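The data block below is input16.cif; it holds mmCIF, C-alpha atoms.
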```cif
data_work
loop_
_atom_site.label_atom_id
_atom_site.label_comp_id
_atom_site.auth_asym_id
_atom_site.auth_seq_id
_atom_site.Cartn_x
_atom_site.Cartn_y
_atom_site.Cartn_z
CA MET A 18 28.32 -55.51 13.79
CA PRO A 19 30.67 -55.09 16.80
CA ALA A 20 32.73 -58.11 15.71
CA ASP A 21 32.98 -60.89 13.15
CA LEU A 22 33.36 -63.60 15.80
CA ALA A 23 31.98 -64.32 19.26
CA VAL A 24 33.82 -66.94 21.30
CA VAL A 25 31.38 -68.33 23.87
CA GLY A 26 33.39 -69.66 26.78
CA LEU A 27 36.88 -68.39 27.60
CA GLY A 28 38.57 -71.51 28.89
CA HIS A 29 41.37 -73.66 27.55
CA ILE A 30 39.68 -73.86 24.12
CA GLY A 31 38.12 -70.42 23.82
CA LEU A 32 41.05 -68.19 24.76
CA PRO A 33 43.52 -69.73 22.28
CA LEU A 34 40.85 -69.55 19.56
CA ALA A 35 40.30 -65.86 20.34
CA GLN A 36 44.05 -65.33 20.20
CA ALA A 37 44.35 -67.05 16.81
CA ALA A 38 41.36 -65.21 15.35
CA THR A 39 42.56 -61.82 16.55
CA ALA A 40 46.03 -62.48 15.17
CA ALA A 41 44.43 -63.33 11.81
CA GLY A 42 42.68 -59.97 11.74
CA VAL A 43 39.23 -61.27 12.70
CA ARG A 44 37.38 -58.83 14.93
CA THR A 45 36.66 -60.95 18.00
CA ILE A 46 34.73 -60.66 21.25
CA GLY A 47 34.63 -63.17 24.05
CA TYR A 48 31.44 -63.89 25.93
CA ASP A 49 31.59 -65.34 29.41
CA PRO A 50 28.93 -64.87 32.11
CA ARG A 51 31.49 -64.87 34.92
CA PRO A 52 32.07 -61.68 36.92
CA PRO A 53 34.70 -59.36 35.41
CA ASP A 54 37.18 -59.94 38.24
CA THR A 55 37.64 -63.59 37.20
CA ALA A 56 37.67 -63.10 33.44
CA ALA A 57 40.39 -61.76 31.23
CA THR A 58 38.61 -58.46 30.64
CA PRO A 59 40.17 -55.04 30.14
CA CYS A 60 38.77 -53.94 33.49
CA ALA A 61 40.07 -56.97 35.36
CA PRO A 62 43.41 -57.00 37.16
CA ALA A 63 46.14 -58.47 34.96
CA PRO A 64 47.29 -61.96 36.02
CA ALA A 65 50.66 -62.19 37.69
CA GLU A 66 53.62 -62.30 35.34
CA GLY A 67 53.91 -65.71 33.76
CA ARG A 68 50.52 -66.78 35.09
CA PRO A 69 47.54 -67.48 32.82
CA ALA A 70 44.11 -65.96 32.93
CA ALA A 71 41.52 -67.76 35.02
CA ALA A 72 39.17 -70.02 33.16
CA HIS A 73 36.26 -71.96 34.62
CA GLY A 74 37.84 -72.49 38.00
CA THR A 75 41.22 -73.47 36.59
CA HIS A 76 43.96 -71.67 34.76
CA GLY A 77 43.69 -70.92 31.10
CA THR A 78 46.49 -71.28 28.59
CA LEU A 79 47.56 -67.67 27.95
CA THR A 80 50.21 -65.88 29.97
CA ALA A 81 49.85 -62.33 31.21
CA PRO A 82 51.94 -60.88 28.33
CA GLU A 83 49.81 -62.81 25.82
CA ILE A 84 46.63 -61.48 27.42
CA ARG A 85 47.97 -57.93 27.23
CA ARG A 86 48.91 -58.35 23.56
CA LEU A 87 45.48 -59.84 22.85
CA LEU A 88 43.72 -56.87 24.42
CA ALA A 89 46.02 -54.41 22.66
CA ALA A 90 45.06 -56.04 19.34
CA GLY A 91 41.41 -55.20 19.98
CA PHE A 92 40.00 -58.32 21.64
CA ARG A 93 37.36 -57.60 24.30
CA THR A 94 35.28 -59.74 26.62
CA THR A 95 31.78 -59.16 27.89
CA ASP A 96 29.08 -60.70 30.01
CA ASP A 97 26.37 -58.94 27.97
CA PRO A 98 24.62 -61.63 25.87
CA THR A 99 23.02 -59.12 23.49
CA VAL A 100 26.30 -58.80 21.58
CA LEU A 101 25.83 -62.40 20.43
CA GLY A 102 23.07 -61.21 18.13
CA ARG A 103 25.42 -58.94 16.19
CA VAL A 104 28.16 -61.30 15.01
CA ARG A 105 28.58 -63.36 11.85
CA THR A 106 30.06 -66.42 13.58
CA ALA A 107 29.63 -67.79 17.10
CA VAL A 108 31.84 -70.61 18.35
CA ILE A 109 30.80 -72.48 21.50
CA CYS A 110 33.86 -73.47 23.53
CA ALA A 111 32.14 -74.50 26.77
CA PRO A 112 33.91 -77.05 29.01
CA THR A 113 32.66 -80.65 29.08
CA PRO A 114 34.33 -82.29 32.10
CA LEU A 115 33.75 -85.89 33.10
CA GLY A 116 31.05 -86.31 35.73
CA GLU A 117 31.14 -88.77 38.61
CA ASP A 118 29.48 -91.39 36.41
CA GLY A 119 32.26 -91.15 33.84
CA ALA A 120 30.06 -89.36 31.32
CA LEU A 121 30.74 -85.95 29.79
CA ASP A 122 28.90 -83.15 31.56
CA LEU A 123 27.16 -81.11 28.85
CA ALA A 124 25.57 -78.59 31.23
CA ALA A 125 27.87 -75.73 30.16
CA VAL A 126 27.17 -76.45 26.49
CA ALA A 127 23.44 -76.31 27.20
CA ASP A 128 23.80 -73.01 29.06
CA ALA A 129 25.82 -71.51 26.20
CA ALA A 130 23.29 -72.74 23.64
CA ARG A 131 20.34 -71.21 25.50
CA VAL A 132 22.06 -67.83 25.85
CA LEU A 133 23.07 -67.83 22.20
CA ALA A 134 19.64 -68.96 20.99
CA ALA A 135 17.93 -66.05 22.70
CA HIS A 136 19.89 -63.63 20.50
CA LEU A 137 20.53 -65.73 17.39
CA ARG A 138 19.84 -64.01 14.06
CA PRO A 139 19.41 -65.44 10.56
CA HIS A 140 22.52 -66.22 8.51
CA THR A 141 24.72 -66.64 11.59
CA THR A 142 27.22 -69.51 11.55
CA VAL A 143 27.22 -71.46 14.83
CA ILE A 144 30.10 -73.88 15.48
CA LEU A 145 30.60 -76.22 18.42
CA GLU A 146 34.24 -76.85 19.40
CA SER A 147 33.62 -78.47 22.80
CA THR A 148 34.53 -82.14 23.18
CA VAL A 149 31.25 -84.05 22.92
CA TYR A 150 29.79 -87.42 21.97
CA PRO A 151 28.96 -88.33 18.37
CA GLY A 152 25.49 -86.96 17.69
CA THR A 153 25.61 -84.10 20.20
CA THR A 154 25.59 -81.29 17.62
CA GLU A 155 22.50 -82.63 15.86
CA GLU A 156 20.58 -84.21 18.72
CA PHE A 157 21.47 -82.00 21.69
CA LEU A 158 22.66 -78.60 20.47
CA ARG A 159 20.41 -78.18 17.44
CA PRO A 160 17.08 -78.49 19.35
CA LEU A 161 18.24 -75.98 21.98
CA LEU A 162 19.21 -73.45 19.33
CA GLU A 163 16.04 -73.93 17.29
CA GLU A 164 13.65 -73.86 20.24
CA GLY A 165 15.25 -70.76 21.74
CA SER A 166 15.52 -68.81 18.50
CA GLY A 167 12.56 -69.95 16.42
CA LEU A 168 15.01 -70.45 13.55
CA THR A 169 15.80 -73.67 11.66
CA ALA A 170 19.35 -74.98 11.46
CA GLY A 171 20.52 -75.56 7.91
CA ARG A 172 17.95 -73.16 6.54
CA ASP A 173 17.98 -69.98 8.65
CA PHE A 174 21.42 -70.39 10.20
CA HIS A 175 24.47 -72.57 9.66
CA LEU A 176 25.42 -75.23 12.22
CA ALA A 177 28.65 -77.26 12.34
CA HIS A 178 31.05 -79.07 14.62
CA SER A 179 34.81 -78.59 14.59
CA PRO A 180 36.80 -80.42 17.27
CA ALA A 181 39.41 -78.36 19.08
CA ARG A 182 43.01 -79.34 18.42
CA HIS A 183 44.90 -76.81 20.52
CA ASP A 184 47.99 -78.23 22.21
CA PRO A 185 49.09 -75.90 25.05
CA GLY A 186 52.80 -75.16 25.05
CA ASN A 187 53.36 -76.63 21.59
CA ARG A 188 55.57 -74.16 19.74
CA ALA A 189 55.61 -76.06 16.46
CA HIS A 190 51.90 -76.61 15.90
CA ARG A 191 49.62 -73.62 16.32
CA HIS A 192 46.17 -72.79 14.96
CA SER A 193 47.65 -71.51 11.73
CA ASN A 194 49.40 -74.75 10.74
CA THR A 195 47.12 -77.34 12.36
CA PRO A 196 44.47 -78.71 9.97
CA LYS A 197 40.88 -77.98 11.09
CA VAL A 198 38.26 -80.70 10.75
CA ILE A 199 34.73 -79.42 9.99
CA GLY A 200 31.43 -81.25 9.74
CA GLY A 201 28.33 -79.23 8.91
CA LEU A 202 24.68 -80.11 9.23
CA THR A 203 24.36 -79.49 5.48
CA PRO A 204 26.94 -78.94 2.72
CA ALA A 205 26.21 -75.22 2.94
CA CYS A 206 26.84 -75.32 6.70
CA THR A 207 30.17 -77.03 6.11
CA GLU A 208 31.21 -74.41 3.57
CA ALA A 209 30.20 -71.55 5.86
CA ALA A 210 32.31 -72.98 8.67
CA ALA A 211 35.15 -73.69 6.22
CA ALA A 212 35.09 -70.09 5.05
CA PHE A 213 35.52 -68.92 8.64
CA TYR A 214 38.29 -71.34 9.62
CA GLY A 215 40.03 -70.73 6.30
CA ARG A 216 40.96 -67.33 7.71
CA LEU A 217 42.74 -68.95 10.66
CA THR A 218 44.44 -72.07 9.34
CA ASP A 219 46.36 -73.28 6.31
CA ARG A 220 44.19 -76.35 5.76
CA VAL A 221 40.52 -77.18 6.27
CA VAL A 222 39.41 -80.84 6.27
CA ARG A 223 35.75 -81.40 5.44
CA ALA A 224 34.09 -84.31 7.25
CA ARG A 225 30.95 -85.96 5.89
CA GLY A 226 28.92 -84.43 8.72
CA PRO A 227 28.91 -83.38 12.39
CA ARG A 228 28.99 -86.98 13.67
CA GLU A 229 32.15 -87.76 11.74
CA ALA A 230 33.82 -84.60 13.03
CA GLU A 231 32.78 -85.40 16.61
CA THR A 232 33.99 -89.00 16.31
CA ALA A 233 37.35 -87.84 14.95
CA LYS A 234 37.96 -86.11 18.28
CA LEU A 235 36.91 -89.23 20.16
CA LEU A 236 39.39 -91.29 18.13
CA GLU A 237 42.24 -88.79 18.57
CA THR A 238 41.78 -88.59 22.35
CA ASN A 239 41.39 -92.31 22.93
CA TYR A 240 44.35 -93.10 20.67
CA ARG A 241 46.56 -91.01 22.94
CA HIS A 242 45.28 -92.54 26.16
CA LEU A 243 45.50 -96.11 24.89
CA ASN A 244 49.12 -95.70 23.85
CA ILE A 245 50.10 -93.93 27.08
CA ALA A 246 48.48 -96.77 29.02
CA LEU A 247 50.56 -99.28 27.06
CA MET A 248 53.73 -97.36 27.94
CA ASN A 249 52.71 -97.16 31.59
CA GLU A 250 52.21 -100.93 31.71
CA MET A 251 55.56 -101.38 29.98
CA ALA A 252 57.18 -99.12 32.59
CA VAL A 253 55.99 -101.35 35.44
CA LEU A 254 57.03 -104.52 33.58
CA CYS A 255 60.46 -103.21 32.60
CA HIS A 256 61.22 -102.07 36.14
CA ASP A 257 60.31 -105.49 37.50
CA ILE A 258 62.54 -107.36 35.01
CA GLY A 259 65.41 -104.88 35.14
CA VAL A 260 65.07 -103.42 31.64
CA ASP A 261 65.66 -99.74 30.80
CA LEU A 262 62.37 -98.80 29.11
CA TRP A 263 63.68 -95.42 28.00
CA ASP A 264 66.43 -97.15 26.03
CA VAL A 265 63.84 -99.54 24.63
CA ILE A 266 61.78 -96.58 23.36
CA ARG A 267 64.89 -94.93 21.93
CA CYS A 268 65.61 -98.06 19.93
CA ALA A 269 62.01 -98.72 18.88
CA GLU A 270 61.40 -95.23 17.56
CA THR A 271 64.13 -95.69 14.96
CA LYS A 272 61.69 -97.92 13.05
CA PRO A 273 60.55 -95.75 10.13
CA PHE A 274 57.11 -97.35 9.83
CA GLY A 275 54.40 -98.85 12.02
CA PHE A 276 55.54 -97.26 15.30
CA GLN A 277 54.94 -93.94 17.01
CA ALA A 278 56.75 -93.26 20.25
CA PHE A 279 54.73 -92.55 23.41
CA ARG A 280 56.23 -92.31 26.87
CA PRO A 281 55.11 -93.29 30.37
CA GLY A 282 54.59 -90.88 33.21
CA PRO A 283 53.16 -90.45 36.71
CA GLY A 284 49.60 -90.21 35.35
CA VAL A 285 47.63 -88.53 32.59
CA GLY A 286 46.44 -84.97 33.10
CA GLY A 287 44.96 -82.24 30.98
CA HIS A 288 41.51 -81.37 29.73
CA SER A 289 41.00 -84.29 27.33
CA ALA A 290 39.92 -87.39 29.19
CA PRO A 291 39.27 -90.81 27.66
CA ILE A 292 35.81 -90.76 26.07
CA ASP A 293 33.57 -93.81 26.05
CA PRO A 294 30.65 -93.31 23.61
CA ASN A 295 28.73 -95.90 25.61
CA TYR A 296 27.65 -93.01 27.86
CA TYR A 297 24.97 -90.86 26.27
CA SER A 298 23.94 -89.01 29.40
CA TYR A 299 21.95 -86.38 27.54
CA LYS A 300 19.63 -89.09 26.18
CA GLY A 301 19.49 -91.22 29.29
CA ARG A 302 20.46 -94.34 27.39
CA SER A 303 23.46 -96.52 26.66
CA LEU A 304 24.54 -98.20 23.49
CA GLY A 305 25.25 -101.33 25.48
CA TYR A 306 28.75 -102.04 24.16
CA PRO A 307 31.43 -100.00 25.93
CA LEU A 308 34.87 -99.52 24.45
CA ARG A 309 36.62 -102.02 26.70
CA LEU A 310 40.10 -100.91 25.66
CA VAL A 311 39.26 -97.33 26.65
CA GLU A 312 38.03 -98.45 30.06
CA LEU A 313 41.15 -100.55 30.58
CA ALA A 314 43.42 -97.68 29.53
CA GLN A 315 41.70 -95.40 32.01
CA GLU A 316 42.20 -97.99 34.74
CA VAL A 317 45.91 -98.33 33.93
CA ASN A 318 46.53 -94.59 33.75
CA THR A 319 44.63 -93.72 36.92
CA ARG A 320 46.64 -96.19 39.00
CA MET A 321 49.99 -94.65 38.02
CA PRO A 322 50.01 -92.09 40.89
CA ARG A 323 49.68 -95.00 43.35
CA TYR A 324 52.52 -96.80 41.61
CA VAL A 325 54.75 -93.71 41.80
CA VAL A 326 54.10 -93.41 45.54
CA GLN A 327 54.91 -97.10 45.93
CA ARG A 328 58.22 -96.56 44.11
CA CYS A 329 58.97 -93.59 46.38
CA ALA A 330 58.38 -95.65 49.52
CA THR A 331 60.50 -98.51 48.19
CA LEU A 332 63.40 -96.22 47.26
CA LEU A 333 63.35 -94.55 50.66
CA ASN A 334 63.28 -97.94 52.37
CA GLU A 335 66.21 -99.20 50.28
CA HIS A 336 68.21 -96.20 51.51
CA GLY A 337 67.35 -96.82 55.16
CA LYS A 338 64.57 -94.27 55.43
CA SER A 339 60.86 -94.48 56.07
CA ALA A 340 58.20 -92.60 54.16
CA ARG A 341 56.89 -91.39 57.51
CA GLY A 342 58.83 -88.28 58.34
CA ALA A 343 60.68 -88.23 55.00
CA ARG A 344 61.24 -84.86 53.32
CA VAL A 345 60.02 -85.15 49.73
CA LEU A 346 60.49 -82.42 47.12
CA LEU A 347 58.13 -82.50 44.12
CA LEU A 348 59.44 -80.91 40.92
CA GLY A 349 56.78 -79.70 38.47
CA VAL A 350 53.10 -79.90 39.42
CA THR A 351 51.48 -78.86 36.12
CA TYR A 352 50.07 -81.40 33.68
CA LYS A 353 52.36 -80.35 30.79
CA PRO A 354 55.87 -78.91 30.66
CA ASP A 355 56.39 -75.17 30.35
CA ILE A 356 52.79 -74.11 30.99
CA ALA A 357 50.94 -73.13 34.16
CA ASP A 358 47.86 -75.32 33.73
CA GLU A 359 47.35 -77.81 36.57
CA GLU A 360 44.15 -79.39 35.19
CA GLY A 361 44.11 -83.11 35.96
CA SER A 362 47.77 -83.18 36.97
CA PRO A 363 48.69 -86.36 38.88
CA ALA A 364 50.91 -84.28 41.18
CA ARG A 365 48.07 -83.52 43.59
CA GLU A 366 47.11 -87.18 44.11
CA ILE A 367 50.76 -88.17 44.50
CA ALA A 368 51.31 -85.43 47.07
CA SER A 369 48.18 -86.35 49.03
CA ARG A 370 49.14 -90.03 49.14
CA LEU A 371 52.66 -89.20 50.32
CA MET A 372 51.23 -86.90 52.99
CA GLU A 373 48.93 -89.70 54.14
CA LEU A 374 52.04 -91.87 54.57
CA GLY A 375 53.47 -89.17 56.85
CA ALA A 376 55.92 -87.55 54.44
CA HIS A 377 56.68 -83.83 54.63
CA ILE A 378 56.04 -82.35 51.18
CA THR A 379 57.51 -79.29 49.52
CA TYR A 380 57.30 -78.41 45.84
CA HIS A 381 58.92 -76.33 43.16
CA ASP A 382 57.37 -75.19 39.91
CA PRO A 383 58.42 -72.06 38.00
CA TYR A 384 54.83 -71.59 36.79
CA VAL A 385 52.92 -72.25 40.04
CA HIS A 386 53.59 -69.90 42.91
CA GLN A 387 50.93 -71.18 45.32
CA TRP A 388 49.71 -74.76 45.63
CA GLN A 389 47.30 -76.57 47.93
CA VAL A 390 46.80 -80.26 48.68
CA LEU A 391 44.06 -81.66 50.92
CA GLY A 392 42.97 -78.09 51.57
CA ARG A 393 46.35 -77.08 52.99
CA PRO A 394 49.02 -74.89 51.37
CA VAL A 395 52.18 -76.78 50.39
CA PRO A 396 55.46 -74.96 51.10
CA ARG A 397 57.22 -73.77 47.94
CA ALA A 398 60.96 -74.24 47.63
CA ASP A 399 62.51 -71.00 46.46
CA ALA A 400 66.16 -72.12 46.55
CA LEU A 401 65.89 -75.18 44.32
CA TYR A 402 69.35 -76.70 44.71
CA GLU A 403 69.37 -76.23 48.48
CA ALA A 404 65.91 -77.80 48.69
CA ALA A 405 67.01 -80.80 46.63
CA ALA A 406 70.11 -81.24 48.78
CA GLY A 407 68.02 -81.12 51.94
CA ALA A 408 65.27 -83.49 50.77
CA ASP A 409 65.42 -87.21 51.44
CA LEU A 410 63.81 -87.73 48.03
CA THR A 411 63.37 -85.46 45.03
CA LEU A 412 60.58 -86.54 42.69
CA LEU A 413 60.53 -85.17 39.13
CA LEU A 414 56.89 -85.10 37.99
CA GLN A 415 57.14 -82.56 35.17
CA HIS A 416 60.20 -81.69 33.13
CA HIS A 417 60.07 -77.93 32.70
CA ARG A 418 62.66 -76.54 30.33
CA THR A 419 64.21 -74.39 33.08
CA TYR A 420 65.26 -77.40 35.16
CA ASP A 421 68.96 -78.24 35.06
CA LEU A 422 68.55 -81.96 35.67
CA GLN A 423 72.26 -82.68 35.51
CA GLY A 424 72.87 -80.21 38.31
CA LEU A 425 69.87 -81.41 40.29
CA SER A 426 70.97 -85.04 40.02
CA VAL A 427 74.27 -84.05 41.62
CA LYS A 428 72.66 -82.06 44.44
CA ALA A 429 69.78 -84.42 45.27
CA GLN A 430 70.29 -87.13 47.85
CA LEU A 431 67.88 -89.38 45.98
CA LEU A 432 66.15 -88.54 42.68
CA LEU A 433 63.24 -90.41 41.07
CA ASP A 434 62.57 -89.30 37.48
CA THR A 435 59.08 -90.15 36.20
CA ARG A 436 59.71 -88.54 32.79
CA GLY A 437 62.93 -90.18 31.63
CA ALA A 438 64.49 -86.74 31.32
CA THR A 439 67.67 -87.18 33.38
CA PRO A 440 70.92 -88.45 31.88
CA THR A 441 71.36 -92.22 32.00
CA GLY A 442 72.58 -93.31 35.41
CA ALA A 443 72.00 -89.91 36.98
CA ALA A 444 68.74 -90.87 38.71
CA HIS A 445 66.28 -93.65 39.33
CA ARG A 446 63.72 -93.77 36.53
CA LEU A 447 60.09 -94.77 36.48
#
```
Any chance you could give the structure as structure tokens?
Amino acid sequence: MPADLAVVGLGHIGLPLAQAATAAGVRTIGYDPRPPDTAATPCAPAPAEGRPAAAHGTHGTLTAPEIRRLLAAGFRTTDDPTVLGRVRTAVICAPTPLGEDGALDLAAVADAARVLAAHLRPHTTVILESTVYPGTTEEFLRPLLEEGSGLTAGRDFHLAHSPARHDPGNRAHRHSNTPKVIGGLTPACTEAAAAFYGRLTDRVVRARGPREAETAKLLETNYRHLNIALMNEMAVLCHDIGVDLWDVIRCAETKPFGFQAFRPGPGVGGHSAPIDPNYYSYKGRSLGYPLRLVELAQEVNTRMPRYVVQRCATLLNEHGKSARGARVLLLGVTYKPDIADEEGSPAREIASRLMELGAHITYHDPYVHQWQVLGRPVPRADALYEAAAGADLTLLLQHHRTYDLQGLSVKAQLLLDTRGATPTGAAHRL
């Protein structure tokens, strides 16, 4: 066998999994049908320093040095599907973005399943890590694998679901110390998947089955979005009644039970969107009872970019300036601090709305060296302090560790902080 593990799909889930497996001594290959010049292959040009490898039209989560270390440790990628028939474990990490109808798009999962099925051999362990609806592993993935291979899941090969829990940029929680939830089609399938993940993590949590494992991811994602939506609503309320929300959170999080601190922001980005199990697009049917709180949270969170732009216009007006013709500097355009991933970042919508009001936009981000909005390149500020001093409004959208906010608050004519990161009284806060 050329490897113990094949990672199918080298995006924001697959690349970190390949990194963790390789670091654990698991011989790993990555399969991705994209041309070599857009994948992190040995023959591809290395990404620019500090920039991640490309992944499904966006940026992945590994920097150029991490990619080089991964390749030096023996990891290789390929677009040759025949290698999938010579591994012990295959993990599908295909992207499942939200479609226009609000449902998860499972097309990439289907493509991965068909390619894998054509080369699937007995005794292989197949694991789905993509974010999916409850029932997808059994009712969507299993038929594709069985029809394409002629093998039976649970008898000829093992099949399980294990939701991805990678948190880009998190230095405290990595694959090795983050518990892995596993739900197999049969008890033997669960144990086969547990044996694999036991090589990568300190703790394996066995779910009753694939549906429970899939639903755990749904609960984790929606829990986050619901609580962020609550904080975003509190931010609007507290601003209107003259209360410092950030001080409110500081006080509330001292409660040792029954409270977990979440914080507001200019919008919710990233790869994990709110999931409503009412949408079963792959079956063409609906359960008929949507999660109304999830829908409301999505509504609250998606209107935050508009609210931020409204606050910008109001601040400018209060200081005798109009949004039309104003020079606005955006700080941080990625969806998380200290990484280069822009997936779902609210910065682009905020910039486009400000441009529609007639503002002149520039940006600064230590991880993003080129940026486009409405199909046009946005000028990048190289001299940060000079740019802040020259801008009518500086808007902090992402608090990267490299930003000296105390110094910026002194230099900026007007600073709006959407992350509550500046010292008290040093800036206007969301």
Within 7 Å of stretch 144-157 of chain A, counting all atoms listed in the file, which residues show up once you throw out same-chain ones fewer than 5 positions away? Write them as a PyMOL selection string, please. chain A and resi 107-113+176-181+227-228+231-232+294
Between A:Ala212, A:Leu168, A:Ala230, A:Ile245, which is the closest to A:Val198 once you count only C-alpha atoms? A:Ala230
Residues picked by the PyMOL selection byres ((chain A and resi 265) around 12) here, as an MDAnalysis selection string? chainID A and resid 248 251:252 255 259:264 266:272 278:280 437
Go through A:Glu163, A:Glu237, A:Glu250, A:Asp421 and flag the residue nearest A:Ala314, using all atoms listed in the file for the distances.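 Closest to A:Ala314 of all the choices is A:Glu250.
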Hey, what comes out of the PyMOL selection byres ((chain A and resi 87-101) around 7) on this file? Could you write it as an mmCIF file with C-alpha atoms, in the coordinates of the input?
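Writing done, so here's part_25.cif:
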```
data_model
loop_
_atom_site.group_PDB
_atom_site.id
_atom_site.type_symbol
_atom_site.label_atom_id
_atom_site.label_comp_id
_atom_site.auth_asym_id
_atom_site.auth_seq_id
_atom_site.Cartn_x
_atom_site.Cartn_y
_atom_site.Cartn_z
ATOM 1 C CA ALA A 23 31.980 -64.320 19.260
ATOM 2 C CA GLN A 36 44.050 -65.330 20.200
ATOM 3 C CA THR A 39 42.560 -61.820 16.550
ATOM 4 C CA THR A 45 36.660 -60.950 18.000
ATOM 5 C CA ILE A 46 34.730 -60.660 21.250
ATOM 6 C CA GLY A 47 34.630 -63.170 24.050
ATOM 7 C CA TYR A 48 31.440 -63.890 25.930
ATOM 8 C CA ASP A 49 31.590 -65.340 29.410
ATOM 9 C CA PRO A 50 28.930 -64.870 32.110
ATOM 10 C CA ARG A 51 31.490 -64.870 34.920
ATOM 11 C CA THR A 58 38.610 -58.460 30.640
ATOM 12 C CA PRO A 59 40.170 -55.040 30.140
ATOM 13 C CA GLU A 83 49.810 -62.810 25.820
ATOM 14 C CA ILE A 84 46.630 -61.480 27.420
ATOM 15 C CA ARG A 85 47.970 -57.930 27.230
ATOM 16 C CA ARG A 86 48.910 -58.350 23.560
ATOM 17 C CA GLY A 102 23.070 -61.210 18.130
ATOM 18 C CA ARG A 103 25.420 -58.940 16.190
ATOM 19 C CA VAL A 104 28.160 -61.300 15.010
ATOM 20 C CA VAL A 132 22.060 -67.830 25.850
ATOM 21 C CA LEU A 133 23.070 -67.830 22.200
ATOM 22 C CA HIS A 136 19.890 -63.630 20.500
ATOM 23 C CA LEU A 137 20.530 -65.730 17.390
#
```
Point-to-point distance from atom CA of A:Gln415 to atom CA of A:Thr439, Å rounded to tenths: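 Computing the Euclidean distance for atom CA of A:Gln415 and atom CA of A:Thr439 yields 11.6 Å.
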